[in-house]
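Novice: Pasting run-v7.cif below, which is mmCIF, C-alpha atoms, pLDDT in the B column; chains and numbers go by the auth columns.
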data_start
loop_
_atom_site.group_PDB
_atom_site.id
_atom_site.type_symbol
_atom_site.label_atom_id
_atom_site.label_comp_id
_atom_site.label_asym_id
_atom_site.label_seq_id
_atom_site.Cartn_x
_atom_site.Cartn_y
_atom_site.Cartn_z
_atom_site.B_iso_or_equiv
_atom_site.auth_seq_id
_atom_site.auth_asym_id
ATOM 1 C CA MET A 1 19.416 -18.339 8.841 53.00 1 A
ATOM 2 C CA LYS A 2 16.729 -17.034 6.529 63.00 2 A
ATOM 3 C CA LYS A 3 15.698 -13.419 6.804 83.00 3 A
ATOM 4 C CA ARG A 4 11.994 -13.166 7.377 86.00 4 A
ATOM 5 C CA HIS A 5 11.162 -11.728 3.957 80.00 5 A
ATOM 6 C CA GLU A 6 12.559 -14.924 2.426 73.00 6 A
ATOM 7 C CA LEU A 7 9.641 -16.841 3.916 69.00 7 A
ATOM 8 C CA TYR A 8 7.665 -15.687 0.870 77.00 8 A
ATOM 9 C CA PRO A 9 8.574 -17.481 -2.377 76.00 9 A
ATOM 10 C CA TYR A 10 7.958 -14.308 -4.393 75.00 10 A
ATOM 11 C CA ALA A 11 10.334 -12.106 -2.348 82.00 11 A
ATOM 12 C CA ASP A 12 13.114 -12.284 -4.947 84.00 12 A
ATOM 13 C CA GLY A 13 12.218 -9.810 -7.668 86.00 13 A
ATOM 14 C CA SER A 14 15.400 -10.208 -9.712 86.00 14 A
ATOM 15 C CA ARG A 15 13.402 -11.778 -12.546 89.00 15 A
ATOM 16 C CA PHE A 16 11.703 -8.388 -12.996 90.00 16 A
ATOM 17 C CA ALA A 17 14.930 -6.374 -13.176 91.00 17 A
ATOM 18 C CA GLY A 18 14.797 -3.641 -15.800 90.00 18 A
ATOM 19 C CA ARG A 19 11.127 -4.096 -16.658 93.00 19 A
ATOM 20 C CA PRO A 20 8.650 -1.195 -16.383 91.00 20 A
ATOM 21 C CA ALA A 21 6.612 -1.259 -13.177 93.00 21 A
ATOM 22 C CA ALA A 22 3.296 -1.318 -15.051 92.00 22 A
ATOM 23 C CA GLU A 23 4.397 -4.442 -16.915 92.00 23 A
ATOM 24 C CA VAL A 24 5.720 -6.075 -13.734 90.00 24 A
ATOM 25 C CA PHE A 25 2.573 -5.635 -11.672 89.00 25 A
ATOM 26 C CA ALA A 26 0.268 -6.548 -14.560 88.00 26 A
ATOM 27 C CA ALA A 27 2.168 -9.835 -14.889 88.00 27 A
ATOM 28 C CA ILE A 28 1.902 -10.428 -11.139 85.00 28 A
ATOM 29 C CA ALA A 29 -1.861 -9.869 -11.241 84.00 29 A
ATOM 30 C CA ARG A 30 -2.353 -12.130 -14.274 82.00 30 A
ATOM 31 C CA SER A 31 -0.452 -15.013 -12.719 76.00 31 A
ATOM 32 C CA ASN A 32 -1.677 -14.467 -9.136 63.00 32 A
ATOM 33 C CA THR A 33 1.992 -14.487 -8.120 56.00 33 A
ATOM 34 C CA TRP A 34 1.126 -13.429 -4.570 48.00 34 A
ATOM 35 C CA ALA A 35 -0.994 -16.573 -4.162 47.00 35 A
ATOM 36 C CA GLY A 36 -4.110 -14.925 -2.814 50.00 36 A
ATOM 37 C CA GLU A 37 -7.070 -17.301 -2.557 56.00 37 A
ATOM 38 C CA GLU A 38 -9.399 -14.391 -1.840 51.00 38 A
ATOM 39 C CA SER A 39 -7.709 -11.451 -3.566 54.00 39 A
ATOM 40 C CA LEU A 40 -5.278 -10.911 -6.435 58.00 40 A
ATOM 41 C CA SER A 41 -3.539 -8.475 -4.099 58.00 41 A
ATOM 42 C CA GLY A 42 -2.303 -11.427 -2.041 62.00 42 A
ATOM 43 C CA THR A 43 -2.974 -13.021 1.323 70.00 43 A
ATOM 44 C CA GLY A 44 -2.388 -9.724 3.104 69.00 44 A
ATOM 45 C CA SER A 45 -5.545 -8.350 1.489 72.00 45 A
ATOM 46 C CA SER A 46 -7.809 -11.060 2.865 71.00 46 A
ATOM 47 C CA LEU A 47 -10.624 -10.080 5.204 78.00 47 A
ATOM 48 C CA GLN A 48 -8.844 -11.915 8.001 81.00 48 A
ATOM 49 C CA GLN A 49 -5.610 -9.949 7.658 85.00 49 A
ATOM 50 C CA THR A 50 -7.384 -6.607 7.272 89.00 50 A
ATOM 51 C CA ALA A 51 -9.922 -6.984 10.101 95.00 51 A
ATOM 52 C CA VAL A 52 -8.155 -4.411 12.289 97.00 52 A
ATOM 53 C CA LEU A 53 -8.139 -1.864 9.475 97.00 53 A
ATOM 54 C CA VAL A 54 -11.792 -2.476 8.632 97.00 54 A
ATOM 55 C CA GLU A 55 -12.653 -1.814 12.267 98.00 55 A
ATOM 56 C CA LYS A 56 -10.302 1.088 13.033 98.00 56 A
ATOM 57 C CA LEU A 57 -10.009 3.044 9.786 98.00 57 A
ATOM 58 C CA PRO A 58 -13.387 4.862 9.880 98.00 58 A
ATOM 59 C CA LYS A 59 -12.695 6.339 13.335 98.00 59 A
ATOM 60 C CA LEU A 60 -9.154 7.262 12.366 98.00 60 A
ATOM 61 C CA LEU A 61 -10.365 9.124 9.280 98.00 61 A
ATOM 62 C CA ARG A 62 -12.851 11.058 11.394 97.00 62 A
ATOM 63 C CA GLU A 63 -10.199 11.950 13.970 98.00 63 A
ATOM 64 C CA LEU A 64 -7.911 13.267 11.238 98.00 64 A
ATOM 65 C CA GLY A 65 -10.725 15.294 9.683 98.00 65 A
ATOM 66 C CA VAL A 66 -10.337 13.506 6.348 98.00 66 A
ATOM 67 C CA ASP A 67 -13.220 13.861 3.897 97.00 67 A
ATOM 68 C CA ASN A 68 -11.510 12.561 0.764 98.00 68 A
ATOM 69 C CA MET A 69 -8.848 9.913 0.256 98.00 69 A
ATOM 70 C CA LEU A 70 -6.740 8.312 -2.432 99.00 70 A
ATOM 71 C CA ASP A 71 -6.223 4.565 -1.985 98.00 71 A
ATOM 72 C CA ILE A 72 -3.203 3.684 -4.104 99.00 72 A
ATOM 73 C CA PRO A 73 -2.746 0.896 -4.988 97.00 73 A
ATOM 74 C CA CYS A 74 -6.358 -0.175 -4.564 96.00 74 A
ATOM 75 C CA GLY A 75 -5.811 -3.616 -6.124 93.00 75 A
ATOM 76 C CA ASP A 76 -9.080 -5.478 -6.600 91.00 76 A
ATOM 77 C CA PHE A 77 -10.812 -3.567 -3.750 94.00 77 A
ATOM 78 C CA ASN A 78 -11.375 -6.839 -1.910 89.00 78 A
ATOM 79 C CA TRP A 79 -11.349 -5.640 1.687 93.00 79 A
ATOM 80 C CA MET A 80 -11.740 -1.875 1.345 95.00 80 A
ATOM 81 C CA GLN A 81 -15.274 -2.392 0.016 94.00 81 A
ATOM 82 C CA THR A 82 -16.249 -3.515 3.540 95.00 82 A
ATOM 83 C CA VAL A 83 -14.966 -0.340 5.253 97.00 83 A
ATOM 84 C CA ASP A 84 -17.556 2.209 6.387 96.00 84 A
ATOM 85 C CA LEU A 85 -16.567 5.217 4.294 94.00 85 A
ATOM 86 C CA SER A 86 -19.645 7.291 5.078 94.00 86 A
ATOM 87 C CA GLY A 87 -18.866 10.947 4.403 94.00 87 A
ATOM 88 C CA ILE A 88 -15.610 10.108 2.592 96.00 88 A
ATOM 89 C CA GLN A 89 -15.059 10.728 -1.110 96.00 89 A
ATOM 90 C CA TYR A 90 -13.097 7.628 -2.070 97.00 90 A
ATOM 91 C CA THR A 91 -10.785 7.351 -5.065 98.00 91 A
ATOM 92 C CA GLY A 92 -8.994 4.080 -5.742 98.00 92 A
ATOM 93 C CA ALA A 93 -6.085 3.963 -8.161 98.00 93 A
ATOM 94 C CA ASP A 94 -3.803 1.247 -9.471 97.00 94 A
ATOM 95 C CA ILE A 95 -1.025 0.824 -12.003 97.00 95 A
ATOM 96 C CA VAL A 96 -2.706 -2.353 -13.328 96.00 96 A
ATOM 97 C CA GLU A 97 -5.323 -1.146 -15.798 96.00 97 A
ATOM 98 C CA SER A 98 -7.247 -4.431 -15.883 94.00 98 A
ATOM 99 C CA LEU A 99 -7.902 -4.169 -12.135 94.00 99 A
ATOM 100 C CA VAL A 100 -9.140 -0.604 -12.499 97.00 100 A
ATOM 101 C CA LEU A 101 -11.525 -1.528 -15.319 97.00 101 A
ATOM 102 C CA ALA A 102 -12.849 -4.519 -13.368 94.00 102 A
ATOM 103 C CA ASN A 103 -13.391 -2.378 -10.265 95.00 103 A
ATOM 104 C CA ARG A 104 -15.312 0.238 -12.240 96.00 104 A
ATOM 105 C CA GLN A 105 -17.646 -2.458 -13.505 95.00 105 A
ATOM 106 C CA ARG A 106 -17.973 -4.472 -10.300 93.00 106 A
ATOM 107 C CA TYR A 107 -18.411 -1.594 -7.857 93.00 107 A
ATOM 108 C CA ARG A 108 -20.212 0.991 -9.948 84.00 108 A
ATOM 109 C CA HIS A 109 -23.175 0.837 -7.541 79.00 109 A
ATOM 110 C CA LEU A 110 -21.003 2.063 -4.653 80.00 110 A
ATOM 111 C CA SER A 111 -20.289 5.526 -6.104 81.00 111 A
ATOM 112 C CA ARG A 112 -16.535 4.974 -5.909 93.00 112 A
ATOM 113 C CA ARG A 113 -14.052 6.398 -8.399 96.00 113 A
ATOM 114 C CA PHE A 114 -11.273 4.208 -9.809 98.00 114 A
ATOM 115 C CA LEU A 115 -8.335 5.599 -11.796 98.00 115 A
ATOM 116 C CA HIS A 116 -5.464 4.066 -13.745 98.00 116 A
ATOM 117 C CA MET A 117 -2.428 5.722 -12.199 98.00 117 A
ATOM 118 C CA ASP A 118 1.294 5.272 -11.571 98.00 118 A
ATOM 119 C CA LEU A 119 2.148 6.366 -8.024 99.00 119 A
ATOM 120 C CA LYS A 120 5.711 7.174 -9.010 98.00 120 A
ATOM 121 C CA GLN A 121 5.056 9.693 -11.742 97.00 121 A
ATOM 122 C CA ASP A 122 1.423 10.556 -12.439 98.00 122 A
ATOM 123 C CA GLU A 123 -0.133 13.691 -10.988 98.00 123 A
ATOM 124 C CA LEU A 124 -2.105 12.463 -7.998 99.00 124 A
ATOM 125 C CA GLY A 125 -4.184 15.470 -6.992 98.00 125 A
ATOM 126 C CA ALA A 126 -4.571 16.763 -3.439 99.00 126 A
ATOM 127 C CA TYR A 127 -6.336 14.568 -0.875 99.00 127 A
ATOM 128 C CA GLY A 128 -6.909 14.644 2.839 99.00 128 A
ATOM 129 C CA LEU A 129 -5.217 11.245 3.005 99.00 129 A
ATOM 130 C CA VAL A 130 -3.110 9.163 0.654 99.00 130 A
ATOM 131 C CA PHE A 131 -3.569 5.546 1.767 99.00 131 A
ATOM 132 C CA CYS A 132 -0.677 3.421 0.526 99.00 132 A
ATOM 133 C CA ARG A 133 -0.774 -0.102 1.937 98.00 133 A
ATOM 134 C CA ASP A 134 1.479 -2.974 0.865 96.00 134 A
ATOM 135 C CA CYS A 135 2.964 -0.982 -1.985 97.00 135 A
ATOM 136 C CA LEU A 136 6.400 0.476 -1.355 98.00 136 A
ATOM 137 C CA VAL A 137 7.513 -2.845 0.124 97.00 137 A
ATOM 138 C CA HIS A 138 7.506 -4.060 -3.502 96.00 138 A
ATOM 139 C CA PHE A 139 9.556 -1.105 -4.822 98.00 139 A
ATOM 140 C CA SER A 140 13.275 -0.556 -5.253 98.00 140 A
ATOM 141 C CA PHE A 141 14.714 2.289 -3.184 99.00 141 A
ATOM 142 C CA ALA A 142 14.778 4.473 -6.305 98.00 142 A
ATOM 143 C CA ASP A 143 11.096 3.837 -6.954 98.00 143 A
ATOM 144 C CA VAL A 144 10.231 4.394 -3.277 99.00 144 A
ATOM 145 C CA PHE A 145 11.855 7.819 -3.402 99.00 145 A
ATOM 146 C CA SER A 146 10.041 8.632 -6.660 99.00 146 A
ATOM 147 C CA ALA A 147 6.709 7.683 -5.082 99.00 147 A
ATOM 148 C CA ILE A 148 7.353 9.640 -1.878 99.00 148 A
ATOM 149 C CA GLY A 149 8.462 12.668 -3.873 99.00 149 A
ATOM 150 C CA ASN A 150 5.304 12.483 -5.958 99.00 150 A
ATOM 151 C CA ILE A 151 3.130 12.289 -2.846 99.00 151 A
ATOM 152 C CA LYS A 152 4.968 15.271 -1.335 99.00 152 A
ATOM 153 C CA SER A 153 4.313 17.340 -4.461 98.00 153 A
ATOM 154 C CA SER A 154 0.611 16.402 -4.564 99.00 154 A
ATOM 155 C CA GLY A 155 -0.503 18.874 -1.911 98.00 155 A
ATOM 156 C CA SER A 156 -2.120 16.088 0.111 99.00 156 A
ATOM 157 C CA ARG A 157 -2.353 16.444 3.901 99.00 157 A
ATOM 158 C CA TYR A 158 -1.609 13.000 5.341 99.00 158 A
ATOM 159 C CA LEU A 159 0.120 9.826 4.185 99.00 159 A
ATOM 160 C CA MET A 160 -0.858 6.480 5.714 99.00 160 A
ATOM 161 C CA MET A 161 1.313 3.581 4.654 99.00 161 A
ATOM 162 C CA THR A 162 2.835 0.255 5.608 99.00 162 A
ATOM 163 C CA THR A 163 5.859 0.185 7.886 99.00 163 A
ATOM 164 C CA PHE A 164 7.543 -2.529 9.946 98.00 164 A
ATOM 165 C CA PRO A 165 8.954 -0.812 13.058 98.00 165 A
ATOM 166 C CA ALA A 166 10.809 -3.927 14.247 98.00 166 A
ATOM 167 C CA GLU A 167 12.756 -4.360 11.000 98.00 167 A
ATOM 168 C CA PRO A 168 16.426 -3.720 11.900 97.00 168 A
ATOM 169 C CA SER A 169 17.565 -2.480 8.466 97.00 169 A
ATOM 170 C CA ASN A 170 16.212 -1.752 5.011 98.00 170 A
ATOM 171 C CA LEU A 171 17.122 -3.844 1.969 97.00 171 A
ATOM 172 C CA ASP A 172 17.106 -2.617 -1.628 98.00 172 A
ATOM 173 C CA ILE A 173 15.380 -4.886 -4.161 97.00 173 A
ATOM 174 C CA ASP A 174 14.226 -4.966 -7.759 96.00 174 A
ATOM 175 C CA THR A 175 10.731 -3.576 -8.117 97.00 175 A
ATOM 176 C CA GLY A 176 8.295 -6.489 -8.087 94.00 176 A
ATOM 177 C CA GLY A 177 9.982 -8.351 -5.248 94.00 177 A
ATOM 178 C CA TRP A 178 9.132 -7.909 -1.573 94.00 178 A
ATOM 179 C CA ARG A 179 10.680 -7.157 1.806 97.00 179 A
ATOM 180 C CA PRO A 180 9.594 -5.278 4.940 98.00 180 A
ATOM 181 C CA LEU A 181 10.525 -1.606 5.200 99.00 181 A
ATOM 182 C CA ASN A 182 11.022 0.394 8.383 99.00 182 A
ATOM 183 C CA PHE A 183 10.535 4.012 7.380 99.00 183 A
ATOM 184 C CA GLY A 184 12.102 5.226 10.595 99.00 184 A
ATOM 185 C CA LEU A 185 15.490 3.941 9.413 99.00 185 A
ATOM 186 C CA PRO A 186 17.870 4.986 6.606 99.00 186 A
ATOM 187 C CA PRO A 187 17.717 5.603 3.771 99.00 187 A
ATOM 188 C CA PHE A 188 14.281 7.095 4.594 99.00 188 A
ATOM 189 C CA SER A 189 14.631 8.312 8.194 99.00 189 A
ATOM 190 C CA PHE A 190 11.045 9.472 8.603 99.00 190 A
ATOM 191 C CA PRO A 191 10.073 11.137 11.881 98.00 191 A
ATOM 192 C CA PRO A 192 7.945 9.066 14.282 98.00 192 A
ATOM 193 C CA PRO A 193 4.435 8.660 12.837 99.00 193 A
ATOM 194 C CA LEU A 194 1.569 10.673 14.270 99.00 194 A
ATOM 195 C CA ILE A 195 -0.366 7.409 14.522 99.00 195 A
ATOM 196 C CA LEU A 196 0.889 3.830 14.364 99.00 196 A
ATOM 197 C CA LEU A 197 -1.808 1.210 13.865 99.00 197 A
ATOM 198 C CA ASN A 198 -0.635 -2.377 14.295 98.00 198 A
ATOM 199 C CA GLU A 199 -2.505 -4.692 11.917 98.00 199 A
ATOM 200 C CA GLN A 200 -2.080 -7.760 14.142 97.00 200 A
ATOM 201 C CA CYS A 201 -0.745 -9.654 11.151 96.00 201 A
ATOM 202 C CA THR A 202 -0.725 -13.432 11.582 94.00 202 A
ATOM 203 C CA GLU A 203 0.882 -14.369 8.268 91.00 203 A
ATOM 204 C CA MET A 204 3.745 -16.864 8.390 87.00 204 A
ATOM 205 C CA GLY A 205 3.021 -17.832 11.970 91.00 205 A
ATOM 206 C CA GLY A 206 3.280 -14.286 13.265 94.00 206 A
ATOM 207 C CA ALA A 207 6.669 -13.534 11.691 94.00 207 A
ATOM 208 C CA PHE A 208 5.352 -10.099 10.705 95.00 208 A
ATOM 209 C CA ALA A 209 3.536 -9.195 13.921 97.00 209 A
ATOM 210 C CA ASP A 210 5.000 -5.672 13.770 98.00 210 A
ATOM 211 C CA LYS A 211 3.300 -4.893 10.446 98.00 211 A
ATOM 212 C CA SER A 212 1.637 -1.524 10.903 99.00 212 A
ATOM 213 C CA MET A 213 0.090 1.427 9.116 99.00 213 A
ATOM 214 C CA GLY A 214 1.815 4.671 10.020 99.00 214 A
ATOM 215 C CA VAL A 215 0.304 8.124 9.532 99.00 215 A
ATOM 216 C CA TRP A 216 2.537 11.086 8.717 99.00 216 A
ATOM 217 C CA ALA A 217 1.806 14.693 7.842 99.00 217 A
ATOM 218 C CA VAL A 218 2.996 14.992 4.244 99.00 218 A
ATOM 219 C CA GLU A 219 4.572 18.387 4.909 98.00 219 A
ATOM 220 C CA GLN A 220 6.809 16.799 7.568 96.00 220 A
ATOM 221 C CA LEU A 221 8.256 14.098 5.314 97.00 221 A
ATOM 222 C CA PRO A 222 12.015 14.390 4.715 95.00 222 A
#
Output the file's structure as structure tokens, nothing else.
Specialist:
Amino acid sequence: MKKRHELYPYADGSRFAGRPAAEVFAAIARSNTWAGEESLSGTGSSLQQTAVLVEKLPKLLRELGVDNMLDIPCGDFNWMQTVDLSGIQYTGADIVESLVLANRQRYRHLSRRFLHMDLKQDELGAYGLVFCRDCLVHFSFADVFSAIGNIKSSGSRYLMMTTFPAEPSNLDIDTGGWRPLNFGLPPFSFPPPLILLNEQCTEMGGAFADKSMGVWAVEQLP
């Protein structure tokens, strides 16, 4: 029986083994590997699949007292541009430089800042919230730990990122592939999130209905 991550044809990242992450994700963006009709970031970044976030995120940011945020990876900013970010200093960052340059040109009228940045190793700066959606699910365990360590050292207050609480175990992959991650389980063993926002994902006939954004205090991360 197929595991649910195998429903996606791009789940196997073995073809990217040993290649630098910047090269891997640039190639994915160029070839539209994730088969997004609306966004180069894939079907999960469509307006349909992000409707819950578009609706709920502004209130959540207010409740957390967040006035500045880092959205990494920001991808092509397809859905986030529709979020009411009134009173929020928004910075989007991505490892794919071509996306960053395109965003700077396309959204210059929105007073948003876009940076070329590697989540695993570049100095991030301190933010009220690091928003990290659909990212670490594409990373090897080693790269996940590098990214989490970098976020912990940034001095940021909260981390909001993708987790699949119904996933029974975590699988290691080559960076560039894909599988769900449950951050409550080893090898991560995060504490329960302060907030768990279910995205009501309908991809693959509801196979990923547990897909959620969890919020953790960075200082409480293991």
Novice: Quick one: residues within 10 Å of A:Ser156, only C-alpha atoms counted, chain neighbours fewer than 3 positions away excluded, as a ChimeraX atom specification?
Specialist: /A:69-70,124-130,151-153,159,217-219
Novice: Need to verify the contact set: A:Asp12, 12 Å, only C-alpha atoms, exclusion of same-chain residues closer than 5 positions in sequence. Can you return it as a list in words?
Specialist: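 Once the nearby chain positions are removed, what remains is His5, Glu6, Leu7, Ala17, Thr33, His138, Phe139, Ser140, Leu171, Asp172, Ile173, Asp174, Thr175, Gly176, Gly177, Trp178 and Arg179 of chain A.
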Novice: Would you kindly return, as a ChimeraX atom specification, each protein, DNA or RNA residue with an atom no farther than 12 Å from any atom of A:Thr202, considering all atoms listed in the file and excluding same-chain residues fewer than 4 positions away?
Specialist: /A:43-44,46,48-52,198,206-211
Novice: Taking all atoms listed in the file into account, which of A:Leu119, A:Val144, A:Val24, A:Met213 comes nearest A:Phe164?
Specialist: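 For A:Phe164, the nearest of the candidates is A:Met213.
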Novice: Give me the residues within 10 Å of A:Asp67 as number ranges by chain, counting all atoms listed in the file and dropping any in the same chain fewer than 3 places off.
Specialist: A: 61-62, 64, 85-90, 127-129
Novice: Of the residues A:Met80, A:Met117, A:Leu53, A:Cys74, which is the one nearest to A:Ala21, using all atoms listed in the file?
Specialist: A:Met117
Novice: I need the residue set behind the PyMOL selection byres ((chain A and resi 221) around 12) for this file; please write it as a PyMOL selection string.
Specialist: chain A and resi 145+148-153+156-160+183-184+188-194+215-220+222
Novice: Show me, as a PyMOL selection string, the residues that have an atom within 10 Å of A:Asp84 when counting only C-alpha atoms, minus same-chain residues fewer than 4 positions from it.
Specialist: chain A and resi 54-59+80+88
Novice: For the PyMOL selection byres ((chain A and resi 98) around 12), applied here, can you spell out every residue it catches as a list in words?
Specialist: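 The output of the PyMOL selection byres ((chain A and resi 98) around 12) on this file is Ala22, Glu23, Phe25, Ala26, Ala27, Ile28, Ala29, Arg30, Leu40, Gly75, Asp76, Ala93, Asp94, Ile95, Val96, Glu97, Leu99, Val100, Leu101, Ala102, Asn103, Arg104, Gln105, Phe114, Leu115, His116 and Met117 of chain A.
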Novice: Residues as selected, C-alpha atoms, written as an mmCIF file, keeping the file's coordinate frame, can you do that?
Specialist:
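In the end it all went to result.cif:
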data_model
loop_
_atom_site.group_PDB
_atom_site.id
_atom_site.type_symbol
_atom_site.label_atom_id
_atom_site.label_comp_id
_atom_site.auth_asym_id
_atom_site.auth_seq_id
_atom_site.Cartn_x
_atom_site.Cartn_y
_atom_site.Cartn_z
ATOM 1 C CA ALA A 22 3.296 -1.318 -15.051
ATOM 2 C CA GLU A 23 4.397 -4.442 -16.915
ATOM 3 C CA PHE A 25 2.573 -5.635 -11.672
ATOM 4 C CA ALA A 26 0.268 -6.548 -14.560
ATOM 5 C CA ALA A 27 2.168 -9.835 -14.889
ATOM 6 C CA ILE A 28 1.902 -10.428 -11.139
ATOM 7 C CA ALA A 29 -1.861 -9.869 -11.241
ATOM 8 C CA ARG A 30 -2.353 -12.130 -14.274
ATOM 9 C CA LEU A 40 -5.278 -10.911 -6.435
ATOM 10 C CA GLY A 75 -5.811 -3.616 -6.124
ATOM 11 C CA ASP A 76 -9.080 -5.478 -6.600
ATOM 12 C CA ALA A 93 -6.085 3.963 -8.161
ATOM 13 C CA ASP A 94 -3.803 1.247 -9.471
ATOM 14 C CA ILE A 95 -1.025 0.824 -12.003
ATOM 15 C CA VAL A 96 -2.706 -2.353 -13.328
ATOM 16 C CA GLU A 97 -5.323 -1.146 -15.798
ATOM 17 C CA LEU A 99 -7.902 -4.169 -12.135
ATOM 18 C CA VAL A 100 -9.140 -0.604 -12.499
ATOM 19 C CA LEU A 101 -11.525 -1.528 -15.319
ATOM 20 C CA ALA A 102 -12.849 -4.519 -13.368
ATOM 21 C CA ASN A 103 -13.391 -2.378 -10.265
ATOM 22 C CA ARG A 104 -15.312 0.238 -12.240
ATOM 23 C CA GLN A 105 -17.646 -2.458 -13.505
ATOM 24 C CA PHE A 114 -11.273 4.208 -9.809
ATOM 25 C CA LEU A 115 -8.335 5.599 -11.796
ATOM 26 C CA HIS A 116 -5.464 4.066 -13.745
ATOM 27 C CA MET A 117 -2.428 5.722 -12.199
#
Novice: Using the chain letters and residue numbers of this document, give as number ranges by chain the residues selected by the PyMOL selection byres ((chain A and resi 168) around 10).
Specialist: A: 164-167, 169-171, 180-182, 185
Novice: For atom CA of A:Lys3 and atom CA of A:Ala147, quote the distance in Å rounded to one decimal.
Specialist: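 It comes out at 25.8 Å.
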